$ cat start-v8.csv   # CSV, C-alpha atoms
chain,number,residue,atom,x,y,z
A,1,MET,CA,17.8,-33.8,-17.9
A,2,ASP,CA,14.1,-33.4,-18.7
A,3,LYS,CA,13.1,-30.0,-20.2
A,4,LYS,CA,10.1,-28.4,-18.6
A,5,LYS,CA,7.1,-28.3,-20.8
A,6,VAL,CA,5.6,-24.9,-21.6
A,7,ALA,CA,2.1,-24.3,-23.0
A,8,VAL,CA,1.8,-22.9,-26.5
A,9,PRO,CA,-1.0,-20.4,-26.6
A,10,LEU,CA,-3.4,-19.4,-29.2
A,11,VAL,CA,-2.5,-15.8,-30.0
A,12,CYS,CA,-5.4,-13.5,-30.8
A,13,HIS,CA,-4.5,-10.2,-32.5
A,14,GLY,CA,-6.9,-7.4,-33.5
A,15,HIS,CA,-6.7,-4.8,-30.7
A,16,SER,CA,-4.5,-1.9,-31.4
A,17,ARG,CA,-4.2,-0.8,-27.7
A,18,PRO,CA,-4.0,-2.6,-24.3
A,19,VAL,CA,-6.6,-5.3,-23.5
A,20,VAL,CA,-7.9,-4.4,-20.1
A,21,ASP,CA,-10.8,-6.8,-19.5
A,22,LEU,CA,-12.0,-10.3,-20.6
A,23,PHE,CA,-15.2,-12.1,-20.1
A,24,TYR,CA,-16.2,-15.7,-20.9
A,25,SER,CA,-19.9,-16.5,-21.5
A,26,PRO,CA,-21.4,-19.7,-19.9
A,27,ILE,CA,-21.6,-22.7,-22.2
A,28,THR,CA,-24.5,-22.2,-24.6
A,29,PRO,CA,-26.0,-24.4,-27.3
A,30,ASP,CA,-23.7,-22.6,-29.8
A,31,GLY,CA,-20.6,-23.1,-27.7
A,32,PHE,CA,-19.0,-20.4,-25.5
A,33,PHE,CA,-17.7,-17.0,-26.3
A,34,LEU,CA,-15.0,-14.6,-25.2
A,35,LEU,CA,-15.5,-10.9,-25.1
A,36,SER,CA,-12.6,-8.4,-24.8
A,37,ALA,CA,-12.4,-4.8,-23.7
A,38,SER,CA,-9.6,-2.5,-24.9
A,39,LYS,CA,-8.4,1.0,-24.7
A,40,ASP,CA,-8.8,1.1,-28.5
A,41,SER,CA,-12.6,1.7,-27.9
A,42,THR,CA,-13.7,-1.4,-29.9
A,43,PRO,CA,-14.8,-4.5,-27.9
A,44,MET,CA,-14.4,-7.8,-29.8
A,45,LEU,CA,-16.3,-11.1,-29.6
A,46,ARG,CA,-14.5,-14.3,-30.3
A,47,ASN,CA,-15.1,-18.1,-30.3
A,48,GLY,CA,-14.1,-19.0,-26.8
A,49,GLU,CA,-12.6,-22.3,-27.8
A,50,THR,CA,-10.6,-21.3,-30.9
A,51,GLY,CA,-10.1,-17.6,-30.3
A,52,ASP,CA,-11.4,-17.0,-33.8
A,53,TRP,CA,-12.8,-13.4,-34.3
A,54,ILE,CA,-16.5,-13.2,-34.7
A,55,GLY,CA,-17.2,-9.4,-34.6
A,56,THR,CA,-16.3,-6.0,-33.4
A,57,PHE,CA,-18.7,-3.7,-31.5
A,58,GLU,CA,-18.3,-0.2,-33.0
A,59,GLY,CA,-19.8,2.9,-31.3
A,60,HIS,CA,-17.8,3.9,-28.2
A,61,LYS,CA,-15.7,7.1,-28.5
A,62,GLY,CA,-13.3,6.3,-25.7
A,63,ALA,CA,-11.4,3.5,-24.0
A,64,VAL,CA,-13.6,0.5,-23.0
A,65,TRP,CA,-12.7,-0.6,-19.4
A,66,SER,CA,-15.1,-3.4,-18.8
A,67,CYS,CA,-17.3,-5.9,-20.7
A,68,CYS,CA,-19.7,-8.8,-20.0
A,69,LEU,CA,-22.1,-11.1,-21.7
A,70,ASP,CA,-25.5,-12.4,-20.5
A,71,ARG,CA,-25.9,-16.0,-19.7
A,72,ASN,CA,-27.1,-16.9,-23.2
A,73,ALA,CA,-24.5,-14.8,-24.9
A,74,LEU,CA,-27.2,-13.0,-26.8
A,75,PHE,CA,-26.4,-9.5,-25.4
A,76,ALA,CA,-23.1,-7.8,-24.4
A,77,ALA,CA,-22.5,-4.8,-22.1
A,78,THR,CA,-19.6,-2.5,-22.0
A,79,ALA,CA,-18.4,0.4,-19.8
A,80,SER,CA,-16.4,3.2,-21.3
A,81,ALA,CA,-14.3,6.3,-20.7
A,82,ASP,CA,-16.8,8.1,-23.1
A,83,PHE,CA,-19.1,8.5,-20.0
A,84,SER,CA,-21.5,5.7,-21.2
A,85,ALA,CA,-22.4,2.1,-20.7
A,86,LYS,CA,-23.9,0.3,-23.7
A,87,ILE,CA,-26.0,-2.8,-24.3
A,88,TRP,CA,-25.3,-4.6,-27.6
A,89,ASP,CA,-27.0,-7.2,-29.6
A,90,ALA,CA,-24.3,-9.9,-29.7
A,91,ILE,CA,-25.7,-11.5,-32.9
A,92,THR,CA,-25.9,-8.3,-35.1
A,93,GLY,CA,-23.5,-6.0,-33.2
A,94,ASP,CA,-26.1,-3.3,-33.0
A,95,VAL,CA,-26.4,-1.0,-30.0
A,96,LYS,CA,-29.6,-1.7,-28.2
A,97,HIS,CA,-29.3,0.9,-25.4
A,98,SER,CA,-26.8,3.5,-24.3
A,99,PHE,CA,-26.8,4.7,-20.7
A,100,ASP,CA,-25.3,8.1,-20.2
A,101,HIS,CA,-23.2,8.8,-17.1
A,102,LYS,CA,-21.5,12.0,-15.8
A,103,HIS,CA,-18.0,10.5,-15.7
A,104,ILE,CA,-15.9,7.6,-16.8
A,105,VAL,CA,-17.6,4.2,-16.4
A,106,ARG,CA,-15.1,1.6,-15.2
A,107,ALA,CA,-17.2,-1.5,-14.5
A,108,CYS,CA,-20.4,-3.3,-15.6
A,109,ALA,CA,-22.1,-6.6,-14.9
A,110,PHE,CA,-25.3,-8.3,-16.0
A,111,SER,CA,-27.5,-9.7,-13.2
A,112,GLU,CA,-27.9,-13.5,-13.0
A,113,ASP,CA,-31.4,-13.3,-14.3
A,114,THR,CA,-30.1,-10.9,-17.1
A,115,HIS,CA,-32.8,-8.4,-16.4
A,116,LYS,CA,-30.6,-5.8,-14.8
A,117,LEU,CA,-27.3,-4.1,-15.5
A,118,LEU,CA,-25.0,-2.8,-12.7
A,119,THR,CA,-22.5,0.0,-13.5
A,120,GLY,CA,-19.9,1.9,-11.5
A,121,GLY,CA,-17.1,4.3,-12.1
A,122,MET,CA,-15.5,7.6,-11.3
A,123,GLU,CA,-18.8,9.1,-10.0
A,124,LYS,CA,-18.6,6.9,-7.0
A,125,ILE,CA,-22.2,5.8,-7.7
A,126,LEU,CA,-23.5,2.3,-8.2
A,127,ARG,CA,-26.3,2.3,-10.8
A,128,ILE,CA,-28.8,-0.6,-11.4
A,129,TYR,CA,-30.6,-0.4,-14.7
A,130,ASP,CA,-33.8,-2.3,-15.4
A,131,LEU,CA,-33.3,-3.7,-18.9
A,132,ASN,CA,-37.1,-4.4,-19.2
A,133,ARG,CA,-37.5,-0.7,-18.9
A,134,PRO,CA,-34.3,0.8,-20.3
A,135,ASP,CA,-35.7,4.3,-20.5
A,136,ALA,CA,-36.6,4.5,-16.8
A,137,PRO,CA,-34.1,6.2,-14.4
A,138,PRO,CA,-31.7,3.7,-12.8
A,139,ARG,CA,-31.7,2.9,-9.1
A,140,GLU,CA,-28.7,4.7,-7.6
A,141,VAL,CA,-26.6,3.8,-4.6
A,142,ASP,CA,-24.3,6.8,-4.0
A,143,LYS,CA,-22.4,5.8,-0.8
A,144,SER,CA,-19.3,4.3,-2.4
A,145,PRO,CA,-16.3,5.8,-0.5
A,146,GLY,CA,-14.2,6.0,-3.6
A,147,SER,CA,-14.1,5.7,-7.4
A,148,ILE,CA,-15.4,2.2,-8.4
A,149,ARG,CA,-13.1,-0.2,-10.1
A,150,THR,CA,-15.0,-3.5,-10.1
A,151,VAL,CA,-18.6,-4.7,-9.7
A,152,ALA,CA,-20.3,-8.1,-9.5
A,153,TRP,CA,-23.6,-9.7,-8.5
A,154,LEU,CA,-24.0,-12.6,-6.1
A,155,HIS,CA,-26.6,-14.4,-3.9
A,156,SER,CA,-29.1,-14.7,-6.8
A,157,ASP,CA,-28.9,-11.0,-7.4
A,158,GLN,CA,-29.6,-10.1,-3.8
A,159,THR,CA,-26.1,-8.7,-3.2
A,160,VAL,CA,-23.6,-6.7,-5.2
A,161,LEU,CA,-20.0,-6.1,-4.6
A,162,SER,CA,-17.6,-3.3,-5.5
A,163,SER,CA,-14.0,-2.3,-5.1
A,164,CYS,CA,-12.4,1.1,-5.4
A,165,THR,CA,-9.4,2.4,-7.3
A,166,ASP,CA,-8.0,4.5,-4.5
A,167,MET,CA,-8.6,2.4,-1.3
A,168,GLY,CA,-8.5,-1.2,-0.2
A,169,GLY,CA,-11.4,-3.5,0.5
A,170,VAL,CA,-14.4,-5.1,-1.2
A,171,ARG,CA,-17.8,-3.8,-0.2
A,172,LEU,CA,-20.9,-5.9,-0.3
A,173,TRP,CA,-24.2,-4.1,-0.7
A,174,ASP,CA,-27.7,-5.4,0.1
A,175,VAL,CA,-29.6,-4.6,-3.1
A,176,ARG,CA,-32.9,-4.1,-1.3
A,177,SER,CA,-31.7,-1.7,1.4
A,178,GLY,CA,-28.8,-0.1,-0.5
A,179,GLN,CA,-26.6,-0.5,2.6
A,180,ILE,CA,-23.1,-1.9,2.9
A,181,VAL,CA,-23.5,-5.2,4.8
A,182,ARG,CA,-19.9,-6.3,4.9
A,183,THR,CA,-16.4,-5.1,3.9
A,184,LEU,CA,-13.7,-7.6,3.0
A,185,GLU,CA,-10.6,-5.9,4.3
A,186,THR,CA,-7.4,-5.7,2.1
A,187,LYS,CA,-4.3,-3.7,2.4
A,188,SER,CA,-4.2,-2.4,-1.1
A,189,SER,CA,-6.9,-1.5,-3.6
A,190,VAL,CA,-8.6,-4.5,-5.2
A,191,THR,CA,-8.0,-4.6,-9.0
A,192,SER,CA,-9.9,-7.8,-9.7
A,193,ALA,CA,-12.9,-9.4,-8.0
A,194,GLU,CA,-14.4,-12.6,-9.5
A,195,VAL,CA,-17.3,-14.7,-8.1
A,196,SER,CA,-16.7,-18.4,-8.8
A,197,GLN,CA,-19.0,-20.2,-11.1
A,198,ASP,CA,-20.5,-22.3,-8.3
A,199,GLY,CA,-21.0,-19.1,-6.1
A,200,ARG,CA,-18.8,-20.4,-3.3
A,201,TYR,CA,-15.8,-18.1,-3.5
A,202,ILE,CA,-14.9,-14.5,-4.2
A,203,THR,CA,-11.4,-14.2,-5.8
A,204,THR,CA,-9.6,-10.9,-5.3
A,205,CYS,CA,-6.3,-9.3,-6.2
A,206,ASP,CA,-4.7,-6.5,-4.2
A,207,GLY,CA,-1.1,-5.6,-4.6
A,208,THR,CA,1.0,-8.8,-4.5
A,209,SER,CA,-1.7,-10.8,-2.9
A,210,VAL,CA,-4.5,-13.2,-4.2
A,211,LYS,CA,-7.2,-13.9,-1.7
A,212,PHE,CA,-10.2,-16.3,-1.7
A,213,TRP,CA,-13.2,-15.4,0.4
A,214,ASP,CA,-16.2,-17.5,1.4
A,215,ALA,CA,-19.0,-15.9,-0.6
A,216,ASN,CA,-21.7,-16.8,1.9
A,217,HIS,CA,-20.0,-16.2,5.3
A,218,PHE,CA,-17.4,-13.8,4.0
A,219,GLY,CA,-14.5,-15.3,5.9
A,220,LEU,CA,-11.0,-15.3,4.4
A,221,VAL,CA,-10.4,-18.9,3.1
A,222,LYS,CA,-6.9,-18.6,1.5
A,223,SER,CA,-4.4,-15.8,1.0
A,224,TYR,CA,-1.3,-16.2,-1.1
A,225,ASP,CA,1.6,-13.8,-1.8
A,226,MET,CA,2.6,-13.6,-5.5
A,227,PRO,CA,6.0,-13.1,-7.0
A,228,CYS,CA,5.0,-9.6,-8.3
A,229,THR,CA,2.2,-7.1,-8.2
A,230,VAL,CA,-0.8,-9.0,-9.7
A,231,GLU,CA,-3.7,-7.3,-11.4
A,232,SER,CA,-6.1,-10.2,-12.1
A,233,ALA,CA,-6.8,-13.8,-10.9
A,234,SER,CA,-9.3,-16.5,-11.8
A,235,LEU,CA,-10.3,-19.7,-10.1
A,236,GLU,CA,-10.6,-22.9,-12.2
A,237,PRO,CA,-14.4,-23.4,-12.4
A,238,LYS,CA,-14.9,-27.1,-12.8
A,239,TYR,CA,-12.8,-28.6,-9.9
A,240,GLY,CA,-11.6,-25.4,-8.1
A,241,ASN,CA,-8.2,-27.0,-7.6
A,242,LYS,CA,-6.1,-24.3,-9.3
A,243,PHE,CA,-6.1,-20.6,-10.1
A,244,VAL,CA,-4.3,-18.4,-12.6
A,245,ALA,CA,-2.8,-15.0,-12.0
A,246,GLY,CA,-1.2,-12.3,-14.1
A,247,GLY,CA,0.4,-8.9,-13.4
A,248,GLU,CA,3.3,-6.6,-14.1
A,249,ASP,CA,6.0,-9.1,-14.8
A,250,MET,CA,4.2,-10.1,-18.0
A,251,TRP,CA,4.0,-13.8,-17.0
A,252,VAL,CA,0.8,-15.9,-16.6
A,253,ARG,CA,1.2,-18.2,-13.7
A,254,VAL,CA,-0.9,-21.2,-12.5
A,255,PHE,CA,-1.0,-22.1,-8.8
A,256,ASP,CA,-2.4,-24.9,-6.7
A,257,PHE,CA,-5.5,-23.6,-4.9
A,258,HIS,CA,-4.9,-25.7,-1.8
A,259,THR,CA,-1.2,-25.1,-1.3
A,260,GLY,CA,-0.4,-22.0,-3.3
A,261,GLN,CA,2.4,-23.8,-5.1
A,262,GLU,CA,3.2,-22.6,-8.6
A,263,ILE,CA,2.3,-25.3,-11.2
A,264,ALA,CA,3.2,-23.5,-14.4
A,265,CYS,CA,4.6,-20.2,-15.6
A,266,ASN,CA,3.6,-19.1,-19.1
A,267,LYS,CA,5.7,-16.6,-21.0
A,268,GLY,CA,4.8,-14.8,-24.2
A,269,HIS,CA,3.3,-11.4,-23.5
A,270,HIS,CA,5.4,-8.4,-24.1
A,271,GLY,CA,3.7,-6.1,-21.6
A,272,PRO,CA,2.0,-6.3,-18.2
A,273,VAL,CA,-1.0,-8.7,-18.0
A,274,HIS,CA,-4.1,-6.8,-17.1
A,275,CYS,CA,-6.7,-9.6,-17.0
A,276,VAL,CA,-6.9,-13.4,-16.8
A,277,ARG,CA,-10.1,-15.6,-17.0
A,278,PHE,CA,-10.8,-19.3,-17.0
A,279,ALA,CA,-13.1,-20.7,-19.7
A,280,PRO,CA,-16.4,-22.0,-18.3
A,281,GLY,CA,-15.3,-25.6,-18.6
A,282,GLY,CA,-11.9,-25.1,-17.2
A,283,GLU,CA,-10.1,-26.5,-20.2
A,284,SER,CA,-8.3,-23.2,-21.0
A,285,TYR,CA,-7.8,-19.7,-19.7
A,286,ALA,CA,-7.2,-16.4,-21.5
A,287,SER,CA,-4.9,-13.5,-20.7
A,288,GLY,CA,-5.1,-9.9,-22.0
A,289,SER,CA,-2.1,-7.6,-21.9
A,290,GLU,CA,-0.7,-4.2,-22.4
A,291,ASP,CA,0.8,-5.5,-25.7
A,292,GLY,CA,-2.7,-5.6,-27.2
A,293,THR,CA,-2.9,-9.4,-27.6
A,294,ILE,CA,-5.1,-12.0,-26.1
A,295,ARG,CA,-3.5,-15.4,-25.5
A,296,ILE,CA,-5.6,-18.5,-24.8
A,297,TRP,CA,-3.7,-21.2,-22.9
A,298,GLN,CA,-4.7,-24.8,-22.7
A,299,THR,CA,-4.9,-26.2,-19.1
A,300,GLY,CA,-2.2,-28.8,-19.3
A,301,LEU,CA,-3.3,-30.3,-22.6
A,302,LEU,CA,-1.3,-28.5,-25.4
A,303,THR,CA,2.3,-28.5,-24.4
A,304,HIS,CA,5.7,-28.1,-26.0
A,305,GLU,CA,9.3,-28.7,-25.3
A,306,GLU,CA,10.6,-25.2,-25.4
A,307,ASN,CA,8.9,-21.8,-25.5
A,308,GLU,CA,11.5,-20.5,-28.0
A,309,THR,CA,11.3,-23.3,-30.5
A,310,SER,CA,9.7,-22.5,-33.9
A,311,ALA,CA,6.7,-24.3,-35.2
A,312,SER,CA,8.6,-26.0,-37.9
A,313,THR,CA,11.2,-27.3,-35.4
A,314,ALA,CA,8.3,-28.5,-33.2
A,315,ALA,CA,7.0,-30.6,-36.1
A,316,ALA,CA,10.4,-32.1,-36.9
A,317,SER,CA,11.1,-33.0,-33.2
A,318,THR,CA,7.6,-34.5,-32.9
A,319,ALA,CA,8.1,-36.7,-35.9
A,320,SER,CA,11.6,-37.9,-34.8
A,321,SER,CA,10.8,-38.5,-31.1
A,322,GLY,CA,7.2,-39.6,-31.2
A,323,LYS,CA,6.2,-37.1,-28.5
A,324,VAL,CA,2.8,-35.4,-28.1
A,325,LYS,CA,1.8,-33.6,-31.2
A,326,ALA,CA,0.8,-30.0,-31.0
A,327,SER,CA,-1.5,-28.3,-33.5
A,328,VAL,CA,-0.1,-24.8,-34.2
A,329,SER,CA,-2.0,-22.2,-36.0
A,330,ALA,CA,-0.5,-19.7,-38.5
A,331,ALA,CA,-0.6,-16.9,-35.9
A,332,GLU,CA,1.2,-19.1,-33.4
A,333,GLU,CA,3.7,-20.2,-36.0
A,334,VAL,CA,4.6,-16.6,-36.7
A,335,SER,CA,4.9,-15.7,-33.0
A,336,LEU,CA,7.0,-18.8,-32.3
A,337,LYS,CA,9.3,-18.1,-35.3
A,338,ILE,CA,9.9,-14.6,-34.1
A,339,GLU,CA,10.6,-15.6,-30.5
A,340,GLY,CA,12.8,-18.6,-31.6
A,341,LEU,CA,14.5,-17.1,-34.6
A,342,GLN,CA,18.0,-17.8,-33.5
A,343,ILE,CA,17.3,-21.5,-32.5
A,344,ALA,CA,15.6,-22.1,-35.8
A,345,ALA,CA,18.5,-20.5,-37.7
A,346,ASP,CA,21.0,-22.6,-35.9
A,347,GLU,CA,19.1,-25.8,-36.6
A,348,GLY,CA,18.8,-24.8,-40.2
A,349,LYS,CA,22.6,-24.5,-40.5
A,350,VAL,CA,23.0,-27.9,-39.0
A,351,LYS,CA,20.6,-29.4,-41.4
A,352,GLN,CA,22.3,-27.7,-44.3
A,353,GLU,CA,25.7,-29.1,-43.2
A,354,VAL,CA,24.3,-32.6,-43.0
A,355,ALA,CA,22.8,-32.2,-46.5
A,356,ASN,CA,26.1,-31.1,-47.9
A,357,ALA,CA,28.1,-33.9,-46.2
$ encode --input "start-v8.csv" --output "structure tokens"
Amino acid sequence: MDKKKVAVPLVCHGHSRPVVDLFYSPITPDGFFLLSASKDSTPMLRNGETGDWIGTFEGHKGAVWSCCLDRNALFAATASADFSAKIWDAITGDVKHSFDHKHIVRACAFSEDTHKLLTGGMEKILRIYDLNRPDAPPREVDKSPGSIRTVAWLHSDQTVLSSCTDMGGVRLWDVRSGQIVRTLETKSSVTSAEVSQDGRYITTCDGTSVKFWDANHFGLVKSYDMPCTVESASLEPKYGNKFVAGGEDMWVRVFDFHTGQEIACNKGHHGPVHCVRFAPGGESYASGSEDGTIRIWQTGLLTHEENETSASTAAASTASSGKVKASVSAAEEVSLKIEGLQIAADEGKVKQEVANA
């Protein structure tokens, strides 16, 4: 009987509290980068491919709920419970601008041309800051029916979308008029809204449902029921043939976009999964959890026989059976050894008996 192969993630430690948002930069001449937001108030920048820590942005005095990078990964933006949104120099880590709000800021997003920053939060007001004139008052759209949970730009910065924490639906606003032009109806509040890399789809999560909407005509394209309440979902950016979702059952699942069939189920987090995002090339995806870790999973490339097997056992089985070799970092090795302690111990006893025979 063939054993199901399970992905071995790169485990990124560093946050001391839950990771609540992740953002991948586009591919730049220096590679691509992963920014994380956490309730520990310190956003972190990492190499998007390896997960290696690059730097920590220090300055917020409350939980950071949202984060993003501009298209060149030169600047970062964060939204925080300390009633502020900040723009950071992603090279030096310095604060470039701090925009004060009157309540918790839950979401932020750079415009496509990187000249504007969109924020939203508990004030029920969408604010658009002109980054060429950061000291000027922002443009305000104050007709959101509830506290804002997510924001995003689309249609070459002509439209913005937002969802609320306390009611269903995604609202699309015309930037010029400030009016709601369409509402994408959902039964539950939308916890995640992602515009696909090619601008074709809007991916949303509400309750136990993942939905895909046509970003130009706003019709519902696909809707799939998930095995549990999901908090975040992300569409594979290169081919658009699969999506990843994570939620309260602590597992990160991959599904076929066209059929909704589950392709893979990745276990490893020790708390609910709050955010999942595909890397810009689609070769990997990252998940952030209540357990304070980020895990980067390869898209069907780096696999292993069993999730509980230790790194040393993996090397031994690879050498003996000639199967696919997996490169395991020190952090992964520790994680795998903890999770597979009993199996490793049992195999050690067997080897000792053989040696003594």
$ residues_around --input "start-v8.csv" --residues "A:Pro134" --least-positions-apart "4" --cutoff "12 Å" --atoms "only C-alpha atoms" --output "PyMOL selection string"
chain A and resi 85-87+96-100+115-117+128-130+138-139
$ residues_around --input "start-v8.csv" --residues "A:Ser36" --least-positions-apart "5" --cutoff "8 Å" --atoms "all atoms listed in the file" --output "count of residues only"
9
$ closest_atom_pairs --input "start-v8.csv" --of "stretch 206-285 of chain A" --to "stretch 167-179 of chain A" --cutoff "12 Å" --atoms "all atoms listed in the file" --output "Markdown table"
| residue | atom | partner | partner_atom | distance |
| --- | --- | --- | --- | --- |
| A:Asp206 | CA | A:Gly168 | CA | 7.7 |
| A:Gly207 | CA | A:Gly168 | CA | 9.7 |
| A:Lys211 | CA | A:Val170 | CA | 11.4 |
| A:Phe212 | CA | A:Val170 | CA | 12.0 |
| A:Trp213 | CA | A:Val170 | CA | 10.5 |
| A:Ala215 | CA | A:Leu172 | CA | 10.2 |
| A:Asn216 | CA | A:Leu172 | CA | 11.1 |
| A:His217 | CA | A:Leu172 | CA | 11.8 |
| A:Phe218 | CA | A:Leu172 | CA | 9.7 |
$ write_last_selection --input "start-v8.csv" --atoms "C-alpha atoms" --output "PDB file, in the frame of the given file"
ATOM      1  CA  ASP A 206      -4.700  -6.500  -4.200  1.00  0.00           C
ATOM      2  CA  GLY A 207      -1.100  -5.600  -4.600  1.00  0.00           C
ATOM      3  CA  LYS A 211      -7.200 -13.900  -1.700  1.00  0.00           C
ATOM      4  CA  PHE A 212     -10.200 -16.300  -1.700  1.00  0.00           C
ATOM      5  CA  TRP A 213     -13.200 -15.400   0.400  1.00  0.00           C
ATOM      6  CA  ALA A 215     -19.000 -15.900  -0.600  1.00  0.00           C
ATOM      7  CA  ASN A 216     -21.700 -16.800   1.900  1.00  0.00           C
ATOM      8  CA  HIS A 217     -20.000 -16.200   5.300  1.00  0.00           C
ATOM      9  CA  PHE A 218     -17.400 -13.800   4.000  1.00  0.00           C
TER      10      PHE A 218
END
$ residues_around --input "start-v8.csv" --residues "A:Cys12" --least-positions-apart "5" --cutoff "6 Å" --atoms "all atoms listed in the file" --output "VMD selection string"
chain A and resid 293 to 295
$ closest_residue --input "start-v8.csv" --among "A:Ser209, A:Ser41, A:Thr78, A:Ser223" --to "A:Ala63" --atoms "all atoms listed in the file"
A:Ser41
$ closest_residue --input "start-v8.csv" --among "A:Leu74, A:Val252, A:Val64, A:Ile148" --to "A:Trp88" --atoms "only C-alpha atoms"
A:Leu74
$ atom_distance --input "start-v8.csv" --atom1 "atom CA of A:Pro137" --atom2 "atom CA of A:Asp40"
29.4 Å
$ residues_around --input "start-v8.csv" --residues "A:Ile263" --least-positions-apart "3" --cutoff "9 Å" --atoms "all atoms listed in the file" --output "ChimeraX atom specification"
/A:242,253-256,260
$ residues_around --input "start-v8.csv" --residues "A:Val276" --least-positions-apart "4" --cutoff "9 Å" --atoms "all atoms listed in the file" --output "list in words"
Asp21, Leu22, Glu231, Ser232, Ala233, Ser234, Val244, Ala245, Gly246, Val252, Tyr285, Ala286, Ser287 and Gly288 of chain A
$ atom_distance --input "start-v8.csv" --atom1 "atom CA of A:Gly281" --atom2 "atom CA of A:Tyr239"
9.5 Å
$ closest_residue --input "start-v8.csv" --among "A:Gly31, A:Thr50, A:Ser66, A:Ser192" --to "A:Gln298" --atoms "all atoms listed in the file"
A:Thr50
$ atom_distance --input "start-v8.csv" --atom1 "atom CA of A:His269" --atom2 "atom CA of A:Thr299"
17.5 Å
$ decode --input "start-v8.csv" --residues "stretch 22-35 of chain A" --atoms "N, CA and C atoms" --output "mmCIF file, in the first residue's frame"
data_model
loop_
_atom_site.group_PDB
_atom_site.id
_atom_site.type_symbol
_atom_site.label_atom_id
_atom_site.label_comp_id
_atom_site.auth_asym_id
_atom_site.auth_seq_id
_atom_site.Cartn_x
_atom_site.Cartn_y
_atom_site.Cartn_z
ATOM 1 N N LEU A 22 -0.294 37.882 5.959
ATOM 2 C CA LEU A 22 0.912 37.644 5.167
ATOM 3 C C LEU A 22 0.766 38.355 3.830
ATOM 4 N N PHE A 23 1.892 38.819 3.291
ATOM 5 C CA PHE A 23 1.862 39.484 1.987
ATOM 6 C C PHE A 23 3.151 39.179 1.235
ATOM 7 N N TYR A 24 3.001 38.660 0.023
ATOM 8 C CA TYR A 24 4.155 38.433 -0.864
ATOM 9 C C TYR A 24 4.313 39.619 -1.799
ATOM 10 N N SER A 25 5.547 40.057 -1.989
ATOM 11 C CA SER A 25 5.830 41.076 -2.989
ATOM 12 C C SER A 25 5.794 40.437 -4.376
ATOM 13 N N PRO A 26 5.639 41.235 -5.432
ATOM 14 C CA PRO A 26 5.893 40.719 -6.780
ATOM 15 C C PRO A 26 7.365 40.319 -6.902
ATOM 16 N N ILE A 27 7.703 39.638 -7.965
ATOM 17 C CA ILE A 27 9.096 39.275 -8.201
ATOM 18 C C ILE A 27 9.868 40.528 -8.625
ATOM 19 N N THR A 28 10.947 40.822 -7.913
ATOM 20 C CA THR A 28 11.763 42.009 -8.177
ATOM 21 C C THR A 28 13.145 41.557 -8.655
ATOM 22 N N PRO A 29 13.999 42.489 -9.092
ATOM 23 C CA PRO A 29 15.374 42.103 -9.473
ATOM 24 C C PRO A 29 16.153 41.437 -8.327
ATOM 25 N N ASP A 30 15.721 41.670 -7.090
ATOM 26 C CA ASP A 30 16.389 41.076 -5.922
ATOM 27 C C ASP A 30 15.653 39.847 -5.395
ATOM 28 N N GLY A 31 14.718 39.311 -6.186
ATOM 29 C CA GLY A 31 13.924 38.180 -5.723
ATOM 30 C C GLY A 31 12.564 38.647 -5.246
ATOM 31 N N PHE A 32 11.913 37.830 -4.419
ATOM 32 C CA PHE A 32 10.629 38.257 -3.866
ATOM 33 C C PHE A 32 10.655 38.084 -2.352
ATOM 34 N N PHE A 33 9.741 38.811 -1.684
ATOM 35 C CA PHE A 33 9.812 38.928 -0.230
ATOM 36 C C PHE A 33 8.459 38.623 0.408
ATOM 37 N N LEU A 34 8.524 38.223 1.674
ATOM 38 C CA LEU A 34 7.318 37.884 2.431
ATOM 39 C C LEU A 34 7.273 38.756 3.674
ATOM 40 N N LEU A 35 6.167 39.477 3.828
ATOM 41 C CA LEU A 35 5.964 40.339 4.987
ATOM 42 C C LEU A 35 4.870 39.736 5.858
#
